>>> print(open('final-v6.pdb').read())   # PDB, C-alpha atoms, pLDDT in the B column
ATOM      1  CA  MET A   5      32.164  16.854 -14.283  1.00 30.00           C
ATOM      2  CA  GLU A   6      30.505  18.372 -11.210  1.00 35.00           C
ATOM      3  CA  GLU A   7      31.929  21.032  -8.973  1.00 40.00           C
ATOM      4  CA  MET A   8      34.836  19.646  -6.992  1.00 41.00           C
ATOM      5  CA  SER A   9      33.686  17.724  -3.961  1.00 42.00           C
ATOM      6  CA  GLY A  10      37.028  16.419  -2.761  1.00 47.00           C
ATOM      7  CA  TYR A  11      39.816  18.914  -2.247  1.00 55.00           C
ATOM      8  CA  SER A  12      41.060  16.666   0.547  1.00 53.00           C
ATOM      9  CA  ALA A  13      44.688  17.232  -0.403  1.00 55.00           C
ATOM     10  CA  PHE A  14      44.214  20.773  -1.653  1.00 63.00           C
ATOM     11  CA  SER A  15      42.452  22.096   1.455  1.00 60.00           C
ATOM     12  CA  SER A  16      45.602  21.998   3.583  1.00 62.00           C
ATOM     13  CA  VAL A  17      47.688  23.996   1.105  1.00 72.00           C
ATOM     14  CA  TYR A  18      45.088  26.143  -0.656  1.00 75.00           C
ATOM     15  CA  ASP A  19      45.721  29.282   1.395  1.00 75.00           C
ATOM     16  CA  VAL A  20      49.472  28.968   0.925  1.00 72.00           C
ATOM     17  CA  LEU A  21      49.147  28.652  -2.851  1.00 74.00           C
ATOM     18  CA  THR A  22      46.729  31.599  -3.075  1.00 80.00           C
ATOM     19  CA  GLN A  23      48.632  33.936  -0.752  1.00 82.00           C
ATOM     20  CA  ASN A  24      49.346  36.179  -3.754  1.00 85.00           C
ATOM     21  CA  VAL A  25      45.618  37.030  -3.938  1.00 89.00           C
ATOM     22  CA  ASP A  26      44.921  40.430  -2.371  1.00 95.00           C
ATOM     23  CA  TYR A  27      41.610  39.515  -0.737  1.00 96.00           C
ATOM     24  CA  PRO A  28      40.908  42.898   0.916  1.00 97.00           C
ATOM     25  CA  LYS A  29      41.402  44.645  -2.442  1.00 98.00           C
ATOM     26  CA  ARG A  30      39.219  42.056  -4.141  1.00 98.00           C
ATOM     27  CA  ALA A  31      36.508  42.397  -1.508  1.00 98.00           C
ATOM     28  CA  ALA A  32      36.517  46.190  -1.834  1.00 98.00           C
ATOM     29  CA  TYR A  33      36.202  45.874  -5.608  1.00 98.00           C
ATOM     30  CA  ILE A  34      33.288  43.441  -5.321  1.00 98.00           C
ATOM     31  CA  ALA A  35      31.590  45.672  -2.746  1.00 98.00           C
ATOM     32  CA  ASP A  36      31.839  48.532  -5.262  1.00 98.00           C
ATOM     33  CA  LEU A  37      30.246  46.361  -7.972  1.00 98.00           C
ATOM     34  CA  LEU A  38      27.448  45.413  -5.587  1.00 98.00           C
ATOM     35  CA  ALA A  39      26.924  49.073  -4.700  1.00 98.00           C
ATOM     36  CA  PHE A  40      26.838  49.902  -8.421  1.00 95.00           C
ATOM     37  CA  GLY A  41      23.899  47.496  -8.604  1.00 97.00           C
ATOM     38  CA  GLY A  42      22.235  49.105  -5.597  1.00 97.00           C
ATOM     39  CA  ILE A  43      23.258  46.568  -2.941  1.00 98.00           C
ATOM     40  CA  LYS A  44      25.161  47.975   0.041  1.00 97.00           C
ATOM     41  CA  GLY A  45      24.231  45.422   2.694  1.00 97.00           C
ATOM     42  CA  GLY A  46      21.848  42.595   3.479  1.00 98.00           C
ATOM     43  CA  ILE A  47      22.215  38.834   3.086  1.00 98.00           C
ATOM     44  CA  LEU A  48      25.084  37.808   0.839  1.00 99.00           C
ATOM     45  CA  LEU A  49      25.861  34.332  -0.455  1.00 99.00           C
ATOM     46  CA  ASP A  50      29.522  33.480  -0.995  1.00 98.00           C
ATOM     47  CA  LEU A  51      29.129  30.645  -3.506  1.00 98.00           C
ATOM     48  CA  ALA A  52      31.985  28.110  -3.636  1.00 98.00           C
ATOM     49  CA  CYS A  53      33.496  29.934  -0.668  1.00 97.00           C
ATOM     50  CA  GLY A  54      36.472  27.603  -0.211  1.00 94.00           C
ATOM     51  CA  THR A  55      38.367  28.339   2.992  1.00 94.00           C
ATOM     52  CA  GLY A  56      36.192  31.351   3.743  1.00 97.00           C
ATOM     53  CA  VAL A  57      38.650  34.189   3.250  1.00 96.00           C
ATOM     54  CA  MET A  58      36.252  36.220   1.107  1.00 98.00           C
ATOM     55  CA  SER A  59      33.334  35.310   3.377  1.00 98.00           C
ATOM     56  CA  VAL A  60      35.130  36.913   6.311  1.00 98.00           C
ATOM     57  CA  GLU A  61      36.146  39.946   4.242  1.00 98.00           C
ATOM     58  CA  MET A  62      32.554  40.580   3.163  1.00 98.00           C
ATOM     59  CA  ALA A  63      31.237  40.044   6.705  1.00 98.00           C
ATOM     60  CA  ARG A  64      33.679  42.702   7.890  1.00 98.00           C
ATOM     61  CA  ARG A  65      32.062  45.030   5.370  1.00 98.00           C
ATOM     62  CA  GLY A  66      28.678  44.636   7.010  1.00 98.00           C
ATOM     63  CA  TYR A  67      27.060  41.876   4.981  1.00 98.00           C
ATOM     64  CA  GLU A  68      25.222  38.969   6.592  1.00 98.00           C
ATOM     65  CA  VAL A  69      27.159  36.181   4.917  1.00 98.00           C
ATOM     66  CA  ILE A  70      26.273  32.601   4.028  1.00 98.00           C
ATOM     67  CA  GLY A  71      29.143  30.520   2.681  1.00 98.00           C
ATOM     68  CA  VAL A  72      28.502  27.469   0.498  1.00 98.00           C
ATOM     69  CA  ASP A  73      31.038  24.945  -0.748  1.00 97.00           C
ATOM     70  CA  SER A  74      30.965  21.271  -1.698  1.00 96.00           C
ATOM     71  CA  ALA A  75      34.299  20.473  -0.030  1.00 94.00           C
ATOM     72  CA  GLY A  76      33.918  19.616   3.637  1.00 94.00           C
ATOM     73  CA  GLU A  77      37.645  19.981   4.252  1.00 92.00           C
ATOM     74  CA  MET A  78      37.579  23.526   2.920  1.00 94.00           C
ATOM     75  CA  LEU A  79      34.568  24.394   5.052  1.00 96.00           C
ATOM     76  CA  SER A  80      36.318  23.152   8.193  1.00 95.00           C
ATOM     77  CA  VAL A  81      39.046  25.703   7.555  1.00 94.00           C
ATOM     78  CA  ALA A  82      36.396  28.354   6.814  1.00 97.00           C
ATOM     79  CA  VAL A  83      34.506  27.726  10.071  1.00 98.00           C
ATOM     80  CA  ASN A  84      37.689  28.117  12.110  1.00 97.00           C
ATOM     81  CA  ARG A  85      38.665  31.248  10.187  1.00 97.00           C
ATOM     82  CA  ALA A  86      35.300  32.908  10.812  1.00 98.00           C
ATOM     83  CA  TYR A  87      35.422  32.004  14.507  1.00 98.00           C
ATOM     84  CA  GLU A  88      38.917  33.444  14.919  1.00 98.00           C
ATOM     85  CA  ALA A  89      37.826  36.611  13.087  1.00 98.00           C
ATOM     86  CA  GLY A  90      34.804  37.003  15.358  1.00 98.00           C
ATOM     87  CA  GLN A  91      32.382  36.810  12.428  1.00 98.00           C
ATOM     88  CA  ASN A  92      29.072  34.946  12.624  1.00 98.00           C
ATOM     89  CA  ILE A  93      28.882  33.195   9.236  1.00 98.00           C
ATOM     90  CA  LEU A  94      26.650  30.272   8.296  1.00 98.00           C
ATOM     91  CA  PHE A  95      28.497  27.669   6.213  1.00 98.00           C
ATOM     92  CA  LEU A  96      26.674  24.971   4.221  1.00 98.00           C
ATOM     93  CA  CYS A  97      28.116  21.966   2.390  1.00 98.00           C
ATOM     94  CA  GLN A  98      26.401  21.947  -1.013  1.00 98.00           C
ATOM     95  CA  THR A  99      27.265  21.916  -4.699  1.00 98.00           C
ATOM     96  CA  MET A 100      26.555  25.026  -6.725  1.00 98.00           C
ATOM     97  CA  GLN A 101      23.978  23.297  -8.908  1.00 98.00           C
ATOM     98  CA  GLU A 102      22.132  21.842  -5.896  1.00 98.00           C
ATOM     99  CA  LEU A 103      22.048  25.026  -3.838  1.00 98.00           C
ATOM    100  CA  ASP A 104      19.278  24.971  -1.222  1.00 98.00           C
ATOM    101  CA  LEU A 105      18.971  27.900   1.167  1.00 98.00           C
ATOM    102  CA  TYR A 106      16.589  28.605   4.044  1.00 94.00           C
ATOM    103  CA  GLY A 107      15.388  31.879   2.534  1.00 97.00           C
ATOM    104  CA  THR A 108      16.209  34.528  -0.025  1.00 98.00           C
ATOM    105  CA  ILE A 109      19.376  36.586  -0.440  1.00 98.00           C
ATOM    106  CA  ASN A 110      20.138  40.118  -1.582  1.00 98.00           C
ATOM    107  CA  ALA A 111      23.371  39.292  -3.376  1.00 98.00           C
ATOM    108  CA  CYS A 112      25.604  36.431  -4.441  1.00 99.00           C
ATOM    109  CA  ILE A 113      29.324  36.428  -5.187  1.00 99.00           C
ATOM    110  CA  CYS A 114      31.479  33.663  -6.634  1.00 98.00           C
ATOM    111  CA  ASN A 115      35.253  34.064  -6.815  1.00 97.00           C
ATOM    112  CA  LEU A 116      38.456  32.756  -8.332  1.00 95.00           C
ATOM    113  CA  ASP A 117      37.027  30.945 -11.384  1.00 96.00           C
ATOM    114  CA  SER A 118      34.808  28.612  -9.357  1.00 97.00           C
ATOM    115  CA  ILE A 119      32.204  28.669 -12.148  1.00 98.00           C
ATOM    116  CA  ASN A 120      34.843  27.211 -14.473  1.00 98.00           C
ATOM    117  CA  HIS A 121      34.897  24.061 -12.363  1.00 97.00           C
ATOM    118  CA  LEU A 122      31.467  23.243 -13.787  1.00 98.00           C
ATOM    119  CA  THR A 123      32.533  21.561 -17.015  1.00 98.00           C
ATOM    120  CA  GLU A 124      29.073  20.866 -18.408  1.00 98.00           C
ATOM    121  CA  ARG A 125      26.936  23.714 -19.704  1.00 98.00           C
ATOM    122  CA  GLU A 126      23.834  22.266 -18.043  1.00 98.00           C
ATOM    123  CA  ASP A 127      25.581  22.379 -14.660  1.00 98.00           C
ATOM    124  CA  VAL A 128      26.405  26.073 -15.105  1.00 98.00           C
ATOM    125  CA  GLN A 129      22.795  26.692 -16.070  1.00 98.00           C
ATOM    126  CA  ALA A 130      21.595  24.744 -13.036  1.00 98.00           C
ATOM    127  CA  ALA A 131      23.856  26.807 -10.762  1.00 98.00           C
ATOM    128  CA  PHE A 132      22.600  30.074 -12.253  1.00 99.00           C
ATOM    129  CA  ASP A 133      19.008  28.861 -11.935  1.00 98.00           C
ATOM    130  CA  LYS A 134      19.533  28.061  -8.247  1.00 98.00           C
ATOM    131  CA  VAL A 135      21.163  31.418  -7.524  1.00 99.00           C
ATOM    132  CA  SER A 136      18.258  33.118  -9.280  1.00 98.00           C
ATOM    133  CA  LEU A 137      15.704  31.081  -7.335  1.00 98.00           C
ATOM    134  CA  PHE A 138      17.026  32.329  -3.995  1.00 98.00           C
ATOM    135  CA  THR A 139      17.836  35.902  -5.039  1.00 98.00           C
ATOM    136  CA  GLU A 140      15.360  38.686  -4.328  1.00 98.00           C
ATOM    137  CA  PRO A 141      14.146  40.660  -7.374  1.00 98.00           C
ATOM    138  CA  GLY A 142      16.691  43.416  -7.933  1.00 98.00           C
ATOM    139  CA  GLY A 143      19.388  41.379  -6.190  1.00 98.00           C
ATOM    140  CA  ILE A 144      22.907  41.324  -7.618  1.00 98.00           C
ATOM    141  CA  PHE A 145      25.106  38.412  -8.716  1.00 99.00           C
ATOM    142  CA  VAL A 146      28.843  39.168  -9.089  1.00 98.00           C
ATOM    143  CA  PHE A 147      31.298  36.508 -10.204  1.00 98.00           C
ATOM    144  CA  ASP A 148      34.514  36.035 -12.144  1.00 98.00           C
ATOM    145  CA  VAL A 149      35.475  33.457 -14.748  1.00 98.00           C
ATOM    146  CA  ASN A 150      38.617  32.418 -16.544  1.00 98.00           C
ATOM    147  CA  THR A 151      38.439  33.232 -20.253  1.00 98.00           C
ATOM    148  CA  PRO A 152      38.900  30.940 -23.256  1.00 98.00           C
ATOM    149  CA  TYR A 153      42.041  32.980 -24.007  1.00 98.00           C
ATOM    150  CA  LYS A 154      43.552  31.952 -20.666  1.00 98.00           C
ATOM    151  CA  HIS A 155      42.759  28.293 -21.187  1.00 98.00           C
ATOM    152  CA  ARG A 156      44.129  28.245 -24.730  1.00 98.00           C
ATOM    153  CA  ASN A 157      47.233  30.391 -24.201  1.00 98.00           C
ATOM    154  CA  ILE A 158      48.188  30.473 -20.512  1.00 98.00           C
ATOM    155  CA  LEU A 159      47.050  27.208 -18.926  1.00 98.00           C
ATOM    156  CA  ALA A 160      47.077  25.223 -22.191  1.00 98.00           C
ATOM    157  CA  ASN A 161      49.368  22.180 -21.948  1.00 98.00           C
ATOM    158  CA  ASN A 162      51.825  23.938 -19.675  1.00 98.00           C
ATOM    159  CA  THR A 163      53.438  22.888 -16.418  1.00 98.00           C
ATOM    160  CA  PHE A 164      53.982  25.250 -13.496  1.00 96.00           C
ATOM    161  CA  VAL A 165      56.063  24.817 -10.367  1.00 95.00           C
ATOM    162  CA  TYR A 166      55.461  26.606  -7.054  1.00 90.00           C
ATOM    163  CA  ASP A 167      57.809  26.517  -4.070  1.00 90.00           C
ATOM    164  CA  VAL A 168      56.340  28.518  -1.169  1.00 84.00           C
ATOM    165  CA  ASP A 169      56.313  28.255   2.630  1.00 80.00           C
ATOM    166  CA  GLY A 170      57.089  24.577   2.974  1.00 79.00           C
ATOM    167  CA  VAL A 171      54.935  23.478   0.037  1.00 84.00           C
ATOM    168  CA  TYR A 172      56.316  22.388  -3.326  1.00 89.00           C
ATOM    169  CA  CYS A 173      53.655  22.043  -6.023  1.00 92.00           C
ATOM    170  CA  VAL A 174      53.898  20.731  -9.573  1.00 96.00           C
ATOM    171  CA  TRP A 175      50.895  21.868 -11.653  1.00 95.00           C
ATOM    172  CA  GLN A 176      50.400  20.023 -14.976  1.00 98.00           C
ATOM    173  CA  ASN A 177      47.739  20.956 -17.537  1.00 98.00           C
ATOM    174  CA  THR A 178      46.201  19.062 -20.442  1.00 98.00           C
ATOM    175  CA  LEU A 179      43.995  21.094 -22.796  1.00 98.00           C
ATOM    176  CA  ASP A 180      41.008  19.795 -24.745  1.00 98.00           C
ATOM    177  CA  GLU A 181      40.922  22.354 -27.541  1.00 97.00           C
ATOM    178  CA  GLU A 182      37.388  21.463 -28.677  1.00 97.00           C
ATOM    179  CA  THR A 183      35.788  22.439 -25.369  1.00 98.00           C
ATOM    180  CA  ASP A 184      38.445  24.750 -23.849  1.00 98.00           C
ATOM    181  CA  THR A 185      38.569  22.331 -20.913  1.00 98.00           C
ATOM    182  CA  VAL A 186      41.818  21.918 -19.009  1.00 98.00           C
ATOM    183  CA  GLN A 187      42.608  18.812 -16.986  1.00 98.00           C
ATOM    184  CA  ILE A 188      44.670  19.977 -14.004  1.00 96.00           C
ATOM    185  CA  ASP A 189      46.859  17.518 -12.125  1.00 96.00           C
ATOM    186  CA  LEU A 190      48.527  18.737  -8.958  1.00 93.00           C
ATOM    187  CA  ASP A 191      51.323  17.059  -7.014  1.00 94.00           C
ATOM    188  CA  PHE A 192      51.976  18.516  -3.563  1.00 90.00           C
ATOM    189  CA  PHE A 193      55.068  17.978  -1.478  1.00 90.00           C
ATOM    190  CA  GLU A 194      54.541  19.333   2.048  1.00 84.00           C
ATOM    191  CA  GLU A 195      57.443  19.621   4.448  1.00 79.00           C
ATOM    192  CA  VAL A 196      56.513  17.633   7.575  1.00 81.00           C
ATOM    193  CA  GLU A 197      59.987  17.710   9.122  1.00 83.00           C
ATOM    194  CA  ASP A 198      63.227  19.435   8.288  1.00 81.00           C
ATOM    195  CA  GLY A 199      64.080  18.104   4.826  1.00 78.00           C
ATOM    196  CA  LEU A 200      61.285  15.484   4.888  1.00 86.00           C
ATOM    197  CA  TYR A 201      58.292  15.940   2.552  1.00 83.00           C
ATOM    198  CA  GLU A 202      54.930  14.187   2.264  1.00 88.00           C
ATOM    199  CA  ARG A 203      53.388  13.793  -1.207  1.00 91.00           C
ATOM    200  CA  SER A 204      49.688  14.155  -2.070  1.00 89.00           C
ATOM    201  CA  GLN A 205      47.775  14.590  -5.317  1.00 91.00           C
ATOM    202  CA  GLU A 206      44.666  16.355  -6.615  1.00 91.00           C
ATOM    203  CA  SER A 207      43.055  16.365 -10.058  1.00 93.00           C
ATOM    204  CA  PHE A 208      40.163  18.334 -11.491  1.00 94.00           C
ATOM    205  CA  CYS A 209      38.993  20.067 -14.662  1.00 97.00           C
ATOM    206  CA  GLU A 210      38.103  23.629 -15.562  1.00 98.00           C
ATOM    207  CA  ARG A 211      36.172  24.720 -18.644  1.00 98.00           C
ATOM    208  CA  ALA A 212      36.127  28.204 -20.120  1.00 98.00           C
ATOM    209  CA  TYR A 213      32.897  29.600 -21.536  1.00 98.00           C
ATOM    210  CA  SER A 214      32.536  32.619 -23.785  1.00 98.00           C
ATOM    211  CA  VAL A 215      30.988  35.753 -22.308  1.00 98.00           C
ATOM    212  CA  GLU A 216      28.189  35.348 -24.858  1.00 98.00           C
ATOM    213  CA  ASP A 217      27.394  31.846 -23.559  1.00 98.00           C
ATOM    214  CA  ILE A 218      27.437  33.043 -19.963  1.00 98.00           C
ATOM    215  CA  GLU A 219      25.175  35.988 -20.755  1.00 98.00           C
ATOM    216  CA  ALA A 220      22.706  33.654 -22.481  1.00 98.00           C
ATOM    217  CA  MET A 221      22.630  31.335 -19.464  1.00 99.00           C
ATOM    218  CA  LEU A 222      22.144  34.253 -17.080  1.00 99.00           C
ATOM    219  CA  LEU A 223      19.282  35.580 -19.193  1.00 98.00           C
ATOM    220  CA  LYS A 224      17.626  32.158 -19.182  1.00 98.00           C
ATOM    221  CA  ALA A 225      17.978  32.076 -15.371  1.00 98.00           C
ATOM    222  CA  GLY A 226      16.208  35.400 -15.001  1.00 98.00           C
ATOM    223  CA  PHE A 227      19.163  37.795 -14.750  1.00 98.00           C
ATOM    224  CA  GLU A 228      20.067  40.840 -16.797  1.00 98.00           C
ATOM    225  CA  VAL A 229      23.768  41.571 -17.283  1.00 98.00           C
ATOM    226  CA  LEU A 230      24.762  45.003 -16.015  1.00 98.00           C
ATOM    227  CA  ALA A 231      28.482  44.961 -16.758  1.00 98.00           C
ATOM    228  CA  VAL A 232      31.391  42.818 -17.942  1.00 98.00           C
ATOM    229  CA  TYR A 233      34.790  44.084 -16.817  1.00 98.00           C
ATOM    230  CA  GLY A 234      38.401  43.087 -17.002  1.00 98.00           C
ATOM    231  CA  GLU A 235      39.725  41.742 -13.707  1.00 97.00           C
ATOM    232  CA  LEU A 236      39.587  44.342 -10.922  1.00 98.00           C
ATOM    233  CA  THR A 237      38.808  47.126 -13.405  1.00 98.00           C
ATOM    234  CA  THR A 238      35.750  49.025 -14.583  1.00 98.00           C
ATOM    235  CA  LYS A 239      36.800  48.758 -18.216  1.00 98.00           C
ATOM    236  CA  ALA A 240      35.703  46.366 -20.939  1.00 98.00           C
ATOM    237  CA  PRO A 241      37.969  43.299 -21.017  1.00 98.00           C
ATOM    238  CA  GLU A 242      40.719  43.190 -23.611  1.00 98.00           C
ATOM    239  CA  GLU A 243      41.060  40.275 -26.029  1.00 97.00           C
ATOM    240  CA  THR A 244      43.960  38.966 -23.942  1.00 98.00           C
ATOM    241  CA  ALA A 245      42.064  39.196 -20.640  1.00 98.00           C
ATOM    242  CA  GLU A 246      42.642  36.089 -18.546  1.00 98.00           C
ATOM    243  CA  ARG A 247      39.729  36.669 -16.159  1.00 98.00           C
ATOM    244  CA  VAL A 248      36.579  38.785 -16.364  1.00 98.00           C
ATOM    245  CA  PHE A 249      34.059  39.955 -13.791  1.00 98.00           C
ATOM    246  CA  ILE A 250      30.340  39.843 -14.560  1.00 98.00           C
ATOM    247  CA  THR A 251      27.659  41.764 -12.686  1.00 98.00           C
ATOM    248  CA  ALA A 252      24.037  40.715 -13.189  1.00 98.00           C
ATOM    249  CA  ARG A 253      20.714  41.779 -11.651  1.00 98.00           C
ATOM    250  CA  LYS A 254      17.763  39.501 -10.880  1.00 98.00           C
ATOM    251  CA  LYS A 255      14.808  40.692 -12.916  1.00 97.00           C
TER     252      LYS A 255
END
>>> encode(input="final-v6.pdb", output="structure tokens")
Amino acid sequence: MEEMSGYSAFSSVYDVLTQNVDYPKRAAYIADLLAFGGIKGGILLDLACGTGVMSVEMARRGYEVIGVDSAGEMLSVAVNRAYEAGQNILFLCQTMQELDLYGTINACICNLDSINHLTEREDVQAAFDKVSLFTEPGGIFVFDVNTPYKHRNILANNTFVYDVDGVYCVWQNTLDEETDTVQIDLDFFEEVEDGLYERSQESFCERAYSVEDIEAMLLKAGFEVLAVYGELTTKAPEETAERVFITARKK
């Protein structure tokens, strides 16, 4: 399965369902990882940027940001967000594995398990190859991924229910244990009038890859791994880590 290209239903509720994410804290953490790799400014690619929240946060920190996502509906939200924030950000509608930029970049970031949406190993490799192609030697690639532990023990075959700010969401998972791939089926109920809800649906898959597999793909793409950390830490991930951050440098 390729990176999600629809998100037509999800785009209108994505920010509501991710309001628990502390984006400023996350952006500061990523900026520290970039600085650790020697990058404190320049052109930064926000890969799979979604509604552009992180793009705006990184632009506020002085980076010249390019945001790329395959979902046009998400990018529409991102363009408006950048305009309202007074940030000049270029947004492009492209898949990760077909990335095509106008020039080179100094750094790339990819957040909130977007890499996991690439459910074929060759698609992850293609995405890494494209990022490498457009990254200057010495440039830094920072991204996070969900772990096999999370897919097997947290997402698994579980169902979650969210009821926030006029949106009721039923999240159902189906795990393929052989590949650590989770089929995710979402049912949204958005309040359009007092007591009246409109239903929409979205389905996609996420696959978890081992850190060893990811490191091998990065190496093949021309990166060297600098660090693998537990989420928002500078410590090695524990066995029960649900998400890890990887920092790599273009050779």
>>> resolve_selection(input="final-v6.pdb", expression="the PyMOL selection byres ((chain A and resi 204) around 8)", output="PDB file with C-alpha atoms, in the frame of the given file")
ATOM      1  CA  ALA A  13      44.688  17.232  -0.403  1.00 55.00           C
ATOM      2  CA  ASP A 191      51.323  17.059  -7.014  1.00 94.00           C
ATOM      3  CA  PHE A 192      51.976  18.516  -3.563  1.00 90.00           C
ATOM      4  CA  PHE A 193      55.068  17.978  -1.478  1.00 90.00           C
ATOM      5  CA  GLU A 202      54.930  14.187   2.264  1.00 88.00           C
ATOM      6  CA  ARG A 203      53.388  13.793  -1.207  1.00 91.00           C
ATOM      7  CA  GLN A 205      47.775  14.590  -5.317  1.00 91.00           C
ATOM      8  CA  GLU A 206      44.666  16.355  -6.615  1.00 91.00           C
TER       9      GLU A 206
END
>>> atom_distance(input="final-v6.pdb", atom1="atom CA of A:Ile119", atom2="atom CA of A:Val165")
24.2 Å
>>> residues_around(input="final-v6.pdb", residues="A:Leu179", least_positions_apart="4", cutoff="10 Å", atoms="all atoms listed in the file", output="PyMOL selection string")
chain A and resi 155-157+159-162+183-188+209-211
>>> residues_around(input="final-v6.pdb", residues="stretch 98-107 of chain A", least_positions_apart="2", cutoff="9 Å", atoms="only C-alpha atoms", output="PyMOL selection string")
chain A and resi 6-9+51-52+72-75+96+109+119+122+127-135+138-139
>>> resolve_selection(input="final-v6.pdb", expression="the PyMOL selection byres ((chain A and resi 54-69) around 7)", output="ChimeraX atom specification")
/A:27-28,31,45-50,52-53,70-71,73,78-79,81-82,85-86,91,93-94
>>> closest_residue(input="final-v6.pdb", among="A:Tyr153, A:Tyr87, A:Phe40, A:Tyr213", to="A:Ala245", atoms="all atoms listed in the file")
A:Tyr153
>>> closest_residue(input="final-v6.pdb", among="A:Glu219, A:Gly170, A:Lys44, A:Gln176", to="A:Ala32", atoms="all atoms listed in the file")
A:Lys44
>>> resolve_selection(input="final-v6.pdb", expression="the PyMOL selection byres ((chain A and resi 147) around 6)", output="number ranges by chain")
A: 113-115, 146, 148, 249-250
>>> axis_aligned_box(input="final-v6.pdb", around="stretch 79-94 of chain A", padding_each_side="6 Å", output="JSON")
{"center_x": 32.8, "center_y": 30.1, "center_z": 10.2, "size_x": 24.4, "size_y": 25.9, "size_z": 22.3}
>>> residues_around(input="final-v6.pdb", residues="A:Ser136", least_positions_apart="3", cutoff="10 Å", atoms="all atoms listed in the file", output="MDAnalysis selection string")
chainID A and resid 108:109 111:112 130:133 139:141 143:145 222 224:227 253:255
>>> atom_distance(input="final-v6.pdb", atom1="atom CA of A:Leu236", atom2="atom CA of A:Gln23")
17.1 Å
>>> closest_residue(input="final-v6.pdb", among="A:Leu230, A:Gly42, A:Glu246, A:Glu77", to="A:Tyr18", atoms="only C-alpha atoms")
A:Glu77
>>> atom_distance(input="final-v6.pdb", atom1="atom CA of A:Gly199", atom2="atom CA of A:Cys173")
15.6 Å
>>> decode(input="final-v6.pdb", residues="stretch 136-140 of chain A", atoms="all heavy atoms", output="CSV table (one decimal), in the first residue's frame")
chain,number,residue,atom,x,y,z
A,136,SER,N,17.4,11.2,0.4
A,136,SER,CA,18.9,11.2,0.2
A,136,SER,C,19.3,12.0,-1.0
A,136,SER,O,20.2,12.8,-1.0
A,136,SER,CB,19.5,9.8,0.1
A,136,SER,OG,20.9,9.8,-0.1
A,137,LEU,N,18.6,11.7,-2.1
A,137,LEU,CA,18.9,12.4,-3.4
A,137,LEU,C,18.9,13.9,-3.3
A,137,LEU,O,19.7,14.6,-3.9
A,137,LEU,CB,17.9,11.9,-4.5
A,137,LEU,CG,18.0,12.6,-5.9
A,137,LEU,CD1,19.3,12.2,-6.5
A,137,LEU,CD2,16.8,12.2,-6.7
A,138,PHE,N,17.9,14.4,-2.5
A,138,PHE,CA,17.8,15.9,-2.4
A,138,PHE,C,18.4,16.5,-1.2
A,138,PHE,O,18.4,17.7,-1.0
A,138,PHE,CB,16.3,16.3,-2.4
A,138,PHE,CG,15.6,16.0,-3.8
A,138,PHE,CD1,14.8,14.9,-4.0
A,138,PHE,CD2,15.9,16.8,-4.9
A,138,PHE,CE1,14.2,14.6,-5.2
A,138,PHE,CE2,15.3,16.6,-6.1
A,138,PHE,CZ,14.5,15.5,-6.3
A,139,THR,N,19.1,15.7,-0.4
A,139,THR,CA,19.8,16.2,0.8
A,139,THR,C,21.2,16.5,0.5
A,139,THR,O,21.9,15.6,0.0
A,139,THR,CB,19.6,15.2,2.0
A,139,THR,OG1,18.3,15.0,2.3
A,139,THR,CG2,20.3,15.7,3.2
A,140,GLU,N,21.7,17.6,1.0
A,140,GLU,CA,23.1,18.0,0.8
A,140,GLU,C,24.0,17.0,1.6
A,140,GLU,O,23.5,16.6,2.7
A,140,GLU,CB,23.3,19.4,1.3
A,140,GLU,CG,22.7,20.5,0.4
A,140,GLU,CD,23.6,20.9,-0.7
A,140,GLU,OE1,24.7,20.3,-0.8
A,140,GLU,OE2,23.2,21.7,-1.6
